[in-house]
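Coordinates from run-v1.pdb are shown below (PDB, C-alpha atoms and all ligand atoms).
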ATOM      1  CA  MET R 275     -11.876 -19.732   2.267  1.00  0.00           C
ATOM      2  CA  ALA R 276      -8.749 -20.302   0.193  1.00  0.00           C
ATOM      3  CA  ILE R 277      -8.846 -19.167  -3.444  1.00  0.00           C
ATOM      4  CA  SER R 278      -8.558 -22.044  -5.929  1.00  0.00           C
ATOM      5  CA  PRO R 279      -5.512 -22.017  -8.241  1.00  0.00           C
ATOM      6  CA  ASP R 280      -7.812 -21.445 -11.275  1.00  0.00           C
ATOM      7  CA  LYS R 281      -9.453 -18.429  -9.670  1.00  0.00           C
ATOM      8  CA  ALA R 282      -6.101 -17.082  -8.480  1.00  0.00           C
ATOM      9  CA  TYR R 283      -4.756 -17.371 -12.037  1.00  0.00           C
ATOM     10  CA  LEU R 284      -7.734 -15.456 -13.472  1.00  0.00           C
ATOM     11  CA  ILE R 285      -7.465 -12.749 -10.842  1.00  0.00           C
ATOM     12  CA  THR R 286      -3.741 -12.158 -11.347  1.00  0.00           C
ATOM     13  CA  LYS R 287      -4.119 -12.285 -15.141  1.00  0.00           C
ATOM     14  CA  ASN R 288      -6.942  -9.721 -15.205  1.00  0.00           C
ATOM     15  CA  LEU R 289      -5.609  -7.426 -12.533  1.00  0.00           C
ATOM     16  CA  LEU R 290      -4.722  -3.932 -13.721  1.00  0.00           C
ATOM     17  CA  ILE R 291      -2.353  -1.712 -11.774  1.00  0.00           C
ATOM     18  CA  SER R 292      -2.567   1.939 -12.758  1.00  0.00           C
ATOM     19  CA  LYS R 293      -2.429   5.453 -11.444  1.00  0.00           C
ATOM     20  CA  ALA R 294      -5.729   6.352  -9.782  1.00  0.00           C
ATOM     21  CA  ASP R 295      -8.321   8.381 -11.697  1.00  0.00           C
ATOM     22  CA  GLU R 296     -10.625  10.853 -10.007  1.00  0.00           C
ATOM     23  CA  GLU R 297     -13.578   8.449 -10.319  1.00  0.00           C
ATOM     24  CA  ASP R 298     -11.625   5.756  -8.439  1.00  0.00           C
ATOM     25  CA  ILE R 299     -11.424   7.819  -5.254  1.00  0.00           C
ATOM     26  CA  PRO R 300     -14.914   6.953  -3.835  1.00  0.00           C
ATOM     27  CA  LYS R 301     -14.079   3.250  -4.356  1.00  0.00           C
ATOM     28  CA  VAL R 302     -10.733   3.745  -2.605  1.00  0.00           C
ATOM     29  CA  ILE R 303     -12.547   5.393   0.315  1.00  0.00           C
ATOM     30  CA  ASN R 304     -14.916   2.397   0.525  1.00  0.00           C
ATOM     31  CA  LEU R 305     -12.051  -0.068   0.487  1.00  0.00           C
ATOM     32  CA  ASN R 306     -10.166   1.908   3.133  1.00  0.00           C
ATOM     33  CA  ARG R 307     -13.201   1.597   5.424  1.00  0.00           C
ATOM     34  CA  ILE R 308     -13.454  -2.151   4.831  1.00  0.00           C
ATOM     35  CA  ALA R 309      -9.760  -2.889   5.246  1.00  0.00           C
ATOM     36  CA  LEU R 310      -8.293  -0.548   7.863  1.00  0.00           C
ATOM     37  CA  PRO R 311      -9.139   1.050  11.203  1.00  0.00           C
ATOM     38  CA  GLU R 312      -7.328   4.225  10.053  1.00  0.00           C
ATOM     39  CA  ASN R 313     -10.033   6.021   8.070  1.00  0.00           C
ATOM     40  CA  TYR R 314      -9.585   9.500   6.702  1.00  0.00           C
ATOM     41  CA  SER R 315     -12.115  12.094   5.549  1.00  0.00           C
ATOM     42  CA  PRO R 316     -13.094  12.135   1.844  1.00  0.00           C
ATOM     43  CA  ASP R 317     -11.458  15.585   1.658  1.00  0.00           C
ATOM     44  CA  PHE R 318      -8.143  14.098   2.757  1.00  0.00           C
ATOM     45  CA  PHE R 319      -8.259  11.461  -0.007  1.00  0.00           C
ATOM     46  CA  ASP R 320      -9.198  14.157  -2.546  1.00  0.00           C
ATOM     47  CA  GLU R 321      -6.338  16.382  -1.442  1.00  0.00           C
ATOM     48  CA  ILE R 322      -3.766  13.579  -1.570  1.00  0.00           C
ATOM     49  CA  PHE R 323      -5.030  12.625  -5.030  1.00  0.00           C
ATOM     50  CA  ARG R 324      -4.889  16.239  -6.280  1.00  0.00           C
ATOM     51  CA  ARG R 325      -1.449  17.009  -4.870  1.00  0.00           C
ATOM     52  CA  TYR R 326       0.318  13.656  -5.117  1.00  0.00           C
ATOM     53  CA  GLY R 327      -1.564  11.792  -7.862  1.00  0.00           C
ATOM     54  CA  GLU R 328       1.778  10.605  -9.268  1.00  0.00           C
ATOM     55  CA  LEU R 329       2.073   8.359  -6.211  1.00  0.00           C
ATOM     56  CA  PHE R 330      -1.548   7.153  -5.936  1.00  0.00           C
ATOM     57  CA  TYR R 331      -2.027   3.730  -7.491  1.00  0.00           C
ATOM     58  CA  VAL R 332      -5.001   1.368  -7.691  1.00  0.00           C
ATOM     59  CA  ALA R 333      -5.389  -2.321  -8.499  1.00  0.00           C
ATOM     60  CA  LYS R 334      -8.546  -2.980 -10.515  1.00  0.00           C
ATOM     61  CA  LEU R 335     -10.373  -6.137 -11.380  1.00  0.00           C
ATOM     62  CA  ASN R 336     -13.172  -5.733 -13.933  1.00  0.00           C
ATOM     63  CA  GLY R 337     -13.459  -2.063 -13.009  1.00  0.00           C
ATOM     64  CA  ASP R 338     -13.611  -2.649  -9.240  1.00  0.00           C
ATOM     65  CA  VAL R 339     -10.881  -1.244  -7.037  1.00  0.00           C
ATOM     66  CA  VAL R 340      -9.467  -4.192  -5.056  1.00  0.00           C
ATOM     67  CA  GLY R 341      -6.348  -2.456  -3.780  1.00  0.00           C
ATOM     68  CA  TYR R 342      -4.750   0.968  -3.467  1.00  0.00           C
ATOM     69  CA  VAL R 343      -1.654   2.686  -2.219  1.00  0.00           C
ATOM     70  CA  MET R 344      -1.437   6.404  -1.570  1.00  0.00           C
ATOM     71  CA  CYS R 345       1.661   8.384  -0.694  1.00  0.00           C
ATOM     72  CA  ARG R 346       2.881  11.929  -0.430  1.00  0.00           C
ATOM     73  CA  THR R 347       6.225  13.581  -0.892  1.00  0.00           C
ATOM     74  CA  GLU R 348       7.987  15.304   1.967  1.00  0.00           C
ATOM     75  CA  PHE R 349      11.002  17.566   2.152  1.00  0.00           C
ATOM     76  CA  PRO R 350      13.707  16.935   0.938  1.00  0.00           C
ATOM     77  CA  SER R 351      12.870  14.172  -1.582  1.00  0.00           C
ATOM     78  CA  ILE R 352      11.339  11.611   0.707  1.00  0.00           C
ATOM     79  CA  ALA R 353       8.180   9.596   0.087  1.00  0.00           C
ATOM     80  CA  HIS R 354       5.718   8.753   2.834  1.00  0.00           C
ATOM     81  CA  VAL R 355       3.406   5.791   2.241  1.00  0.00           C
ATOM     82  CA  ILE R 356       0.202   6.981   3.890  1.00  0.00           C
ATOM     83  CA  SER R 357      -2.110   4.037   3.291  1.00  0.00           C
ATOM     84  CA  LEU R 358      -2.110   0.650   1.579  1.00  0.00           C
ATOM     85  CA  ALA R 359      -4.896  -1.895   1.494  1.00  0.00           C
ATOM     86  CA  VAL R 360      -6.126  -4.886  -0.471  1.00  0.00           C
ATOM     87  CA  HIS R 361      -9.714  -6.147  -0.327  1.00  0.00           C
ATOM     88  CA  PRO R 362      -9.958  -9.194   1.992  1.00  0.00           C
ATOM     89  CA  ASN R 363     -11.212 -11.399  -0.898  1.00  0.00           C
ATOM     90  CA  TYR R 364      -8.078 -10.758  -2.963  1.00  0.00           C
ATOM     91  CA  ARG R 365      -5.255 -11.085  -0.474  1.00  0.00           C
ATOM     92  CA  ARG R 366      -2.138 -13.212  -0.770  1.00  0.00           C
ATOM     93  CA  LEU R 367      -2.158 -12.983  -4.563  1.00  0.00           C
ATOM     94  CA  GLY R 368       0.639 -10.467  -4.859  1.00  0.00           C
ATOM     95  CA  VAL R 369      -1.675  -7.448  -5.275  1.00  0.00           C
ATOM     96  CA  ALA R 370       0.029  -5.335  -2.588  1.00  0.00           C
ATOM     97  CA  THR R 371       3.452  -6.343  -3.887  1.00  0.00           C
ATOM     98  CA  ARG R 372       2.555  -5.166  -7.386  1.00  0.00           C
ATOM     99  CA  LEU R 373       1.082  -1.887  -6.110  1.00  0.00           C
ATOM    100  CA  MET R 374       4.166  -1.171  -4.022  1.00  0.00           C
ATOM    101  CA  MET R 375       6.560  -2.043  -6.852  1.00  0.00           C
ATOM    102  CA  GLU R 376       4.736   0.384  -9.181  1.00  0.00           C
ATOM    103  CA  VAL R 377       4.733   3.182  -6.656  1.00  0.00           C
ATOM    104  CA  HIS R 378       8.423   2.641  -5.831  1.00  0.00           C
ATOM    105  CA  LYS R 379       9.235   2.950  -9.536  1.00  0.00           C
ATOM    106  CA  ALA R 380       7.205   6.181  -9.671  1.00  0.00           C
ATOM    107  CA  MET R 381       9.044   7.503  -6.585  1.00  0.00           C
ATOM    108  CA  ALA R 382      12.420   6.764  -8.160  1.00  0.00           C
ATOM    109  CA  ARG R 383      11.325   8.340 -11.480  1.00  0.00           C
ATOM    110  CA  ILE R 384      10.582  11.641  -9.775  1.00  0.00           C
ATOM    111  CA  GLY R 385      13.895  11.551  -7.935  1.00  0.00           C
ATOM    112  CA  LEU R 386      12.854  10.571  -4.418  1.00  0.00           C
ATOM    113  CA  ARG R 387      15.655   9.032  -2.374  1.00  0.00           C
ATOM    114  CA  LYS R 388      13.826   7.286   0.416  1.00  0.00           C
ATOM    115  CA  SER R 389      10.404   5.892   1.246  1.00  0.00           C
ATOM    116  CA  TYR R 390       9.083   5.476   4.775  1.00  0.00           C
ATOM    117  CA  LEU R 391       5.917   4.290   6.442  1.00  0.00           C
ATOM    118  CA  GLU R 392       4.416   3.414   9.791  1.00  0.00           C
ATOM    119  CA  VAL R 393       2.907   0.037  10.617  1.00  0.00           C
ATOM    120  CA  ARG R 394       1.322  -1.416  13.739  1.00  0.00           C
ATOM    121  CA  VAL R 395       3.809  -3.598  15.612  1.00  0.00           C
ATOM    122  CA  THR R 396       1.030  -6.222  15.643  1.00  0.00           C
ATOM    123  CA  ASN R 397       0.439  -6.178  11.855  1.00  0.00           C
ATOM    124  CA  GLN R 398       2.677  -9.106  10.917  1.00  0.00           C
ATOM    125  CA  PRO R 399       1.253  -9.560   7.367  1.00  0.00           C
ATOM    126  CA  ALA R 400       2.139  -5.960   6.486  1.00  0.00           C
ATOM    127  CA  ILE R 401       5.536  -6.115   8.240  1.00  0.00           C
ATOM    128  CA  ASN R 402       6.378  -9.288   6.267  1.00  0.00           C
ATOM    129  CA  LEU R 403       5.309  -7.594   3.039  1.00  0.00           C
ATOM    130  CA  TYR R 404       7.404  -4.488   3.691  1.00  0.00           C
ATOM    131  CA  GLU R 405      10.478  -6.504   4.721  1.00  0.00           C
ATOM    132  CA  LYS R 406      10.129  -8.579   1.572  1.00  0.00           C
ATOM    133  CA  LEU R 407      10.123  -5.324  -0.410  1.00  0.00           C
ATOM    134  CA  GLY R 408      13.337  -4.203   1.291  1.00  0.00           C
ATOM    135  CA  TYR R 409      12.021  -1.934   4.070  1.00  0.00           C
ATOM    136  CA  ARG R 410      13.856  -2.076   7.388  1.00  0.00           C
ATOM    137  CA  LYS R 411      12.457  -1.243  10.829  1.00  0.00           C
ATOM    138  CA  THR R 412      14.243   1.872  12.069  1.00  0.00           C
ATOM    139  CA  ARG R 413      12.465   2.548  15.354  1.00  0.00           C
ATOM    140  CA  VAL R 414       9.363   2.061  17.465  1.00  0.00           C
ATOM    141  CA  ILE R 415       6.944   4.975  17.746  1.00  0.00           C
ATOM    142  CA  PRO R 416       5.222   4.541  21.130  1.00  0.00           C
ATOM    143  CA  SER R 417       1.396   4.736  21.057  1.00  0.00           C
ATOM    144  CA  TYR R 418       1.414   5.871  17.432  1.00  0.00           C
ATOM    145  CA  TYR R 419      -2.124   4.615  16.829  1.00  0.00           C
ATOM    146  CA  MET R 420      -5.364   5.991  18.318  1.00  0.00           C
ATOM    147  CA  ASP R 421      -5.940   2.785  20.311  1.00  0.00           C
ATOM    148  CA  GLY R 422      -2.510   3.084  21.933  1.00  0.00           C
ATOM    149  CA  THR R 423      -0.766   0.439  19.794  1.00  0.00           C
ATOM    150  CA  ASP R 424       2.899   1.147  19.047  1.00  0.00           C
ATOM    151  CA  GLY R 425       4.042   1.583  15.465  1.00  0.00           C
ATOM    152  CA  PHE R 426       7.229   0.621  13.689  1.00  0.00           C
ATOM    153  CA  LEU R 427       8.823   3.206  11.460  1.00  0.00           C
ATOM    154  CA  MET R 428      10.109   1.394   8.378  1.00  0.00           C
ATOM    155  CA  GLU R 429      12.341   2.807   5.624  1.00  0.00           C
ATOM    156  CA  LEU R 430      13.432   1.849   2.139  1.00  0.00           C
ATOM    157  CA  ASN R 431      16.422   3.384   0.375  1.00  0.00           C
ATOM    158  CA  LEU R 432      15.551   4.190  -3.243  1.00  0.00           C
ATOM    159  CA  GLU R 433      18.959   5.471  -4.273  1.00  0.00           C
ATOM    160  CA  GLY R 434      20.417   3.619  -7.199  1.00  0.00           C
ATOM    161  CA  TRP R 435      17.004   2.316  -8.297  1.00  0.00           C
ATOM    162  CA  LYS R 436      16.792   1.698 -12.022  1.00  0.00           C
ATOM    163  CA  VAL R 437      13.463   2.790 -13.546  1.00  0.00           C
TER     164      VAL R 437
HETATM  165  N1  LIG R 501       0.464 -13.513   6.838  1.00  0.00           N
HETATM  166  C1  LIG R 501       1.819 -13.461   6.753  1.00  0.00           C
HETATM  167  N2  LIG R 501       2.489 -12.812   5.762  1.00  0.00           N
HETATM  168  C2  LIG R 501       1.740 -12.170   4.827  1.00  0.00           C
HETATM  169  C3  LIG R 501       0.321 -12.160   4.868  1.00  0.00           C
HETATM  170  C4  LIG R 501      -0.308 -12.876   5.919  1.00  0.00           C
HETATM  171  N3  LIG R 501      -1.648 -12.924   6.050  1.00  0.00           N
HETATM  172  N4  LIG R 501      -0.140 -11.438   3.839  1.00  0.00           N
HETATM  173  C5  LIG R 501       0.944 -10.995   3.144  1.00  0.00           C
HETATM  174  N5  LIG R 501       2.072 -11.444   3.752  1.00  0.00           N
HETATM  175  C6  LIG R 501       3.451 -11.176   3.330  1.00  0.00           C
HETATM  176  C7  LIG R 501       4.065 -12.444   2.787  1.00  0.00           C
HETATM  177  O1  LIG R 501       5.464 -12.375   2.980  1.00  0.00           O
HETATM  178  C8  LIG R 501       3.702 -12.346   1.309  1.00  0.00           C
HETATM  179  O2  LIG R 501       4.516 -13.128   0.476  1.00  0.00           O
HETATM  180  P1  LIG R 501       4.085 -14.668   0.194  1.00  0.00           P
HETATM  181  O3  LIG R 501       2.625 -14.666  -0.163  1.00  0.00           O
HETATM  182  O4  LIG R 501       4.992 -15.046  -0.925  1.00  0.00           O
HETATM  183  O5  LIG R 501       4.381 -15.378   1.483  1.00  0.00           O
HETATM  184  C9  LIG R 501       3.968 -10.885   1.067  1.00  0.00           C
HETATM  185  O6  LIG R 501       3.487 -10.238   2.251  1.00  0.00           O
HETATM  186  C10 LIG R 501       3.304 -10.311  -0.170  1.00  0.00           C
HETATM  187  O7  LIG R 501       1.886 -10.528  -0.076  1.00  0.00           O
HETATM  188  P2  LIG R 501       0.849  -9.895  -1.097  1.00  0.00           P
HETATM  189  O8  LIG R 501       0.009 -10.987  -1.645  1.00  0.00           O
HETATM  190  O9  LIG R 501       1.531  -9.003  -2.055  1.00  0.00           O
HETATM  191  O10 LIG R 501      -0.011  -8.997  -0.081  1.00  0.00           O
HETATM  192  P3  LIG R 501      -1.597  -8.722  -0.131  1.00  0.00           P
HETATM  193  O11 LIG R 501      -1.994  -8.324  -1.495  1.00  0.00           O
HETATM  194  O12 LIG R 501      -2.307  -9.850   0.483  1.00  0.00           O
HETATM  195  O13 LIG R 501      -1.716  -7.437   0.821  1.00  0.00           O
HETATM  196  C11 LIG R 501      -1.790  -6.324   2.957  1.00  0.00           C
HETATM  197  C12 LIG R 501      -1.075  -7.370   2.099  1.00  0.00           C
HETATM  198  C13 LIG R 501      -1.020  -6.160   4.283  1.00  0.00           C
HETATM  199  C14 LIG R 501      -1.803  -4.976   2.242  1.00  0.00           C
HETATM  200  C15 LIG R 501      -3.243  -6.825   3.183  1.00  0.00           C
HETATM  201  O14 LIG R 501      -3.208  -7.938   4.071  1.00  0.00           O
HETATM  202  C16 LIG R 501      -4.164  -5.774   3.773  1.00  0.00           C
HETATM  203  O15 LIG R 501      -4.786  -5.006   3.047  1.00  0.00           O
HETATM  204  N6  LIG R 501      -4.277  -5.737   5.118  1.00  0.00           N
HETATM  205  C17 LIG R 501      -5.135  -4.773   5.787  1.00  0.00           C
HETATM  206  C18 LIG R 501      -4.640  -3.352   5.589  1.00  0.00           C
HETATM  207  C19 LIG R 501      -3.217  -3.191   6.081  1.00  0.00           C
HETATM  208  O16 LIG R 501      -2.795  -3.783   7.070  1.00  0.00           O
HETATM  209  N7  LIG R 501      -2.473  -2.308   5.388  1.00  0.00           N
HETATM  210  C20 LIG R 501      -1.122  -1.974   5.754  1.00  0.00           C
HETATM  211  C21 LIG R 501      -1.148  -0.970   6.819  1.00  0.00           C
HETATM  212  S1  LIG R 501       0.492  -0.431   7.251  1.00  0.00           S
END
Written as structure tokens, how would this file's structure read?
Amino acid sequence: MAISPDKAYLITKNLLISKADEEDIPKVINLNRIALPENYSPDFFDEIFRRYGELFYVAKLNGDVVGYVMCRTEFPSIAHVISLAVHPNYRRLGVATRLMMEVHKAMARIGLRKSYLEVRVTNQPAINLYEKLGYRKTRVIPSYYMDGTDGFLMELNLEGWKV
């Protein structure tokens, strides 16, 4: 069901984008299970949070986590977006765009030069989002996903970003 303009206004007005806190991680894990077929172990989320917390952002509405993005840094000053998701009830309101903009600013602040990610070739909503944010498809990774689906590798140049 489409969200009414009034409700959409309230959601976007009350939405908070911030770096994740430790107590957000169980909610992120829940959301990951709702939103994506790629589910990781709780230990993996904990490790990413501990090591790369600078690049782990959540979108919260009245204390609930309705979106997250988690990334890691890789040699030599490259960011890898590991996972991004928005709760199905809060999509198409700019939540993912805001999360990605915040994390790109954080990447640039710590001196990273490039961000990359993988996306299913069939995931048109995410591909549209990434292209809108400036990512470009650089190649196809055959059978990247467990079910045999190919992935696109997409990259964004962060050089020259003002933060
Ligand atoms: N169909 C087509 N384009 C879409 C779309 C859809 N269902 N959803 C988002 N987009 C594109 C549009 O270009 C949109 O801009 P517009 O609304 O002005 O047309 C742009 O992305 C920004 O959308 P936004 O509202 O910021 O995205 P979102 O908060 O709805 O989140 C996803 C987008 C992909 C993160 C969300 O659909 C999701 O969580 N999907 C499941 C998990 C997933 O696929 N994660 C990415 C894995 S690589």
Query raised in the report: Got a sec: who's within 12 Å of Ser278 (chain R), counting all atoms listed in the file, leaving out chain neighbours fewer than 4 positions off, as a list in words?
Result: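 Close residues of Ser278 (chain R): Ala282, Tyr283, Leu284, Ile285, Tyr364 and Leu367 of chain R.
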Query raised in the report: Which protein, DNA or RNA residues have an atom within 9 Å of ligand LIG 501 (chain R), counting only C-alpha atoms and all ligand atoms, as a ChimeraX atom specification?
Result: /R:306,308-312,341-343,355-362,364-374,391-394,397-407
Query - Residue among R:Gly337, R:Gly434, R:Pro279, R:Gly327 lying closest to Ala380 (chain R), counting only C-alpha atoms - result: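 Selected residue with least distance to Ala380 (chain R): R:Gly327.
Atom to atom, CA of Thr396 (chain R) and CA of Phe426 (chain R) stand 9.4 Å apart.
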Skip Leu290 (chain R) itself and residues of its chain fewer than 4 positions away, then list as a short mmCIF file (atom, residue, chain, number, x, y, z; two decimals) with C-alpha atoms, in the coordinates of the input all residues within 9 Å of it, counting all atoms listed in the file.
data_model
loop_
_atom_site.label_atom_id
_atom_site.label_comp_id
_atom_site.auth_asym_id
_atom_site.auth_seq_id
_atom_site.Cartn_x
_atom_site.Cartn_y
_atom_site.Cartn_z
CA THR R 286 -3.74 -12.16 -11.35
CA VAL R 332 -5.00 1.37 -7.69
CA ALA R 333 -5.39 -2.32 -8.50
CA LYS R 334 -8.55 -2.98 -10.52
CA LEU R 335 -10.37 -6.14 -11.38
CA ASN R 336 -13.17 -5.73 -13.93
CA GLY R 337 -13.46 -2.06 -13.01
#
Requested in this report: Enumerate, as a list in words, the residues matched when the PyMOL selection byres (((chain R and resi 330) around 6) and not hetatm) is run on the file above.
Outcome: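 Selected by the PyMOL selection byres (((chain R and resi 330) around 6) and not hetatm) here: Lys293, Ala294, Gly327, Glu328, Leu329, Tyr331, Val343 and Met344 of chain R.
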Translate the PyMOL selection byres (((chain R and resi 352-354) around 7) and not hetatm) into a concrete residue list for this structure, as a compact mmCIF listing (two decimals) with C-alpha atoms, keeping the file's coordinate frame.
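Below you can see expr.txt, which holds the result:
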# COMPACT_ATOMS: atom_id res chain seq x y z
CA CYS R 345 1.66 8.38 -0.69
CA ARG R 346 2.88 11.93 -0.43
CA THR R 347 6.22 13.58 -0.89
CA GLU R 348 7.99 15.30 1.97
CA PHE R 349 11.00 17.57 2.15
CA PRO R 350 13.71 16.93 0.94
CA SER R 351 12.87 14.17 -1.58
CA VAL R 355 3.41 5.79 2.24
CA ILE R 356 0.20 6.98 3.89
CA LEU R 386 12.85 10.57 -4.42
CA ARG R 387 15.66 9.03 -2.37
CA LYS R 388 13.83 7.29 0.42
CA SER R 389 10.40 5.89 1.25
CA TYR R 390 9.08 5.48 4.78
CA LEU R 391 5.92 4.29 6.44
Mind working out the centre and edge lengths of an axis-aligned box for region 345-353 of chain R, all listed atoms inside, 5 Å added to each side, rounded to one decimal in Å and written as AutoDock Vina command-line options?
--center_x 7.7 --center_y 13.0 --center_z 0.3 --size_x 22.0 --size_y 19.2 --size_z 13.7
Query raised in the report: Using the chain letters and numbers from the file, which residues does the PyMOL selection byres (((chain R and resi 318) around 12) and not hetatm) grab, as a ChimeraX atom specification?
Result: /R:299-300,302-303,313-317,319-326,344-346,356-357
**Report entry** Å distance separating CA of Ser417 (chain R) from CA of Leu305 (chain R), one decimal place
**Finding:**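 CA of Ser417 (chain R) sits 25.0 Å away from CA of Leu305 (chain R).
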Report task. Could you check how far CA of Lys379 (chain R) sits from CA of Asp338 (chain R), in Å to one decimal? Result -> 23.5 Å
